[in-house]
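Peer 1: Dumping the structure here so I can ask a few things about it.
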Amino acid sequence: MNEGQQFEKLARRVKWRRWLITIGLIVAVVIGLGAAFIQMTRVKSQAASDEANRSFELVNTVLSPNIQISDQYLQNSDFFGGTLVSHRYKDIDGARIAWSENRAPYTWMLGSNANAFNTTDTTTTAAYDRDTQQKIPLFYNVNVAKPEVKRAQEVR
């Protein structure tokens, strides 16, 4: 082997080594960015579900203080959002009366759904639970000509 052939062999070896190092760095960066993206979406999704949970607590405390929550869980949750479900009941002299469940979709990409807590049918004279059709008492100022049910977002 002469020096020219040895040089070409060494040049090819260096070229392959550099390509392998470049490919290895690209794979490591892609895996690192993927892991960071997954962690970021988990944190943002958890923050969105926590916000929906706080809204549920606010609605339950302000708009329906005599209705209890039996369980609350996340449904169809993924990296981008899901649905918060809350089963409720009304305790009347120790007997549990089933009440409509609250469902609120949440996502960190599109914000929260303002109509998520709309579980009532309202007429000009009364409000009724959508699932059980039981009458819900409304409290409002009698001096106002047309009372409106305030949403939880407006109460904050």
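Ordering of the structure tokens sets the chain letters (A, B, ...), residue numbers begin anew at 1 in every chain, and ligands are numbered from 1 in the order given.
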Excluding A:Lys135 and any residue of its chain fewer than 2 positions from it, enumerate the residues within 12 Å of it, using only C-alpha atoms, and give them as a PyMOL selection string.

Peer 2: chain A and resi 99+120-123+125-133+137-138

Peer 1: Using the selection just defined, write its residues with N, CA and C atoms as a PDB file, in the first residue's frame.

Peer 2:
```pdb
ATOM      1  N   TRP A  99     -78.281  13.746  41.347  1.00  0.00           N
ATOM      2  CA  TRP A  99     -78.307  15.049  40.698  1.00  0.00           C
ATOM      3  C   TRP A  99     -77.494  14.952  39.421  1.00  0.00           C
ATOM      4  N   THR A 120     -78.500  23.250  33.808  1.00  0.00           N
ATOM      5  CA  THR A 120     -79.865  23.632  34.167  1.00  0.00           C
ATOM      6  C   THR A 120     -80.638  24.099  32.941  1.00  0.00           C
ATOM      7  N   ASP A 121     -81.940  23.884  33.006  1.00  0.00           N
ATOM      8  CA  ASP A 121     -82.869  24.451  32.027  1.00  0.00           C
ATOM      9  C   ASP A 121     -83.584  25.591  32.735  1.00  0.00           C
ATOM     10  N   THR A 122     -83.484  26.791  32.196  1.00  0.00           N
ATOM     11  CA  THR A 122     -84.036  27.968  32.852  1.00  0.00           C
ATOM     12  C   THR A 122     -85.217  28.505  32.057  1.00  0.00           C
ATOM     13  N   THR A 123     -86.303  28.793  32.772  1.00  0.00           N
ATOM     14  CA  THR A 123     -87.453  29.464  32.183  1.00  0.00           C
ATOM     15  C   THR A 123     -87.573  30.838  32.823  1.00  0.00           C
ATOM     16  N   THR A 125     -89.701  31.713  35.031  1.00  0.00           N
ATOM     17  CA  THR A 125     -90.153  31.624  36.422  1.00  0.00           C
ATOM     18  C   THR A 125     -89.330  30.681  37.285  1.00  0.00           C
ATOM     19  N   ALA A 126     -88.576  29.760  36.690  1.00  0.00           N
ATOM     20  CA  ALA A 126     -87.858  28.777  37.498  1.00  0.00           C
ATOM     21  C   ALA A 126     -86.682  28.197  36.723  1.00  0.00           C
ATOM     22  N   ALA A 127     -85.897  27.420  37.440  1.00  0.00           N
ATOM     23  CA  ALA A 127     -84.801  26.673  36.827  1.00  0.00           C
ATOM     24  C   ALA A 127     -84.931  25.220  37.247  1.00  0.00           C
ATOM     25  N   TYR A 128     -84.599  24.318  36.340  1.00  0.00           N
ATOM     26  CA  TYR A 128     -84.721  22.885  36.598  1.00  0.00           C
ATOM     27  C   TYR A 128     -83.413  22.189  36.265  1.00  0.00           C
ATOM     28  N   ASP A 129     -83.079  21.190  37.070  1.00  0.00           N
ATOM     29  CA  ASP A 129     -81.913  20.374  36.787  1.00  0.00           C
ATOM     30  C   ASP A 129     -82.168  19.614  35.490  1.00  0.00           C
ATOM     31  N   ARG A 130     -81.194  19.608  34.604  1.00  0.00           N
ATOM     32  CA  ARG A 130     -81.395  19.035  33.272  1.00  0.00           C
ATOM     33  C   ARG A 130     -81.630  17.524  33.323  1.00  0.00           C
ATOM     34  N   ASP A 131     -80.954  16.807  34.191  1.00  0.00           N
ATOM     35  CA  ASP A 131     -81.104  15.346  34.236  1.00  0.00           C
ATOM     36  C   ASP A 131     -82.279  14.897  35.090  1.00  0.00           C
ATOM     37  N   THR A 132     -82.421  15.464  36.288  1.00  0.00           N
ATOM     38  CA  THR A 132     -83.456  14.989  37.205  1.00  0.00           C
ATOM     39  C   THR A 132     -84.768  15.755  37.068  1.00  0.00           C
ATOM     40  N   GLN A 133     -84.743  16.919  36.402  1.00  0.00           N
ATOM     41  CA  GLN A 133     -85.905  17.792  36.235  1.00  0.00           C
ATOM     42  C   GLN A 133     -86.498  18.230  37.571  1.00  0.00           C
ATOM     43  N   PRO A 137     -83.851  26.291  43.297  1.00  0.00           N
ATOM     44  CA  PRO A 137     -84.200  27.644  43.744  1.00  0.00           C
ATOM     45  C   PRO A 137     -83.236  28.670  43.155  1.00  0.00           C
ATOM     46  N   LEU A 138     -83.816  29.793  42.712  1.00  0.00           N
ATOM     47  CA  LEU A 138     -83.024  30.899  42.188  1.00  0.00           C
ATOM     48  C   LEU A 138     -83.115  32.064  43.152  1.00  0.00           C
TER      49      LEU A 138
END
```

Peer 1: Mind checking which residues fall within 7 Å of A:Ala98, counting only C-alpha atoms, ignoring those fewer than 4 positions away in the same chain, and posting them as a PyMOL selection string?

Peer 2: chain A and resi 88-90

Peer 1: What is the atom CA of A:Lys15-atom CA of A:Gly34 distance in Å, reported with one decimal?

Peer 2: 28.5 Å

Peer 1: Which distance in Å separates atom CA of A:Tyr73 and atom CA of A:Thr61, to one decimal?

Peer 2: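 We find that atom CA of A:Tyr73 and atom CA of A:Thr61 lie 18.1 Å from each other.
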
Peer 1: Please, which residues of chain A, numbered as in this document, come out alpha helix (DSSP H) from DSSP, as number ranges by chain?

Peer 2: A: 3-62, 152-155

Peer 1: Going by DSSP on the backbone, which residues of chain A come out as strand (DSSP E or B)? List them as a PyMOL selection string.

Peer 2: chain A and resi 67-75+81-92+95-107+120-122+127-129+135-136

Peer 1: One decimal, in Å: what's the spacing between atom CA of A:Leu74 and atom CA of A:Leu33?

Peer 2: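 Value for the atom CA of A:Leu74-atom CA of A:Leu33 distance: 27.2 Å.
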
Peer 1: Considering only C-alpha atoms, state which residue in the set A:Ser86, A:Thr124, A:Ile26, A:Gln46 is at the smallest distance from A:Thr107.

Peer 2: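 For A:Thr107, the nearest of the given residues is A:Gln46.
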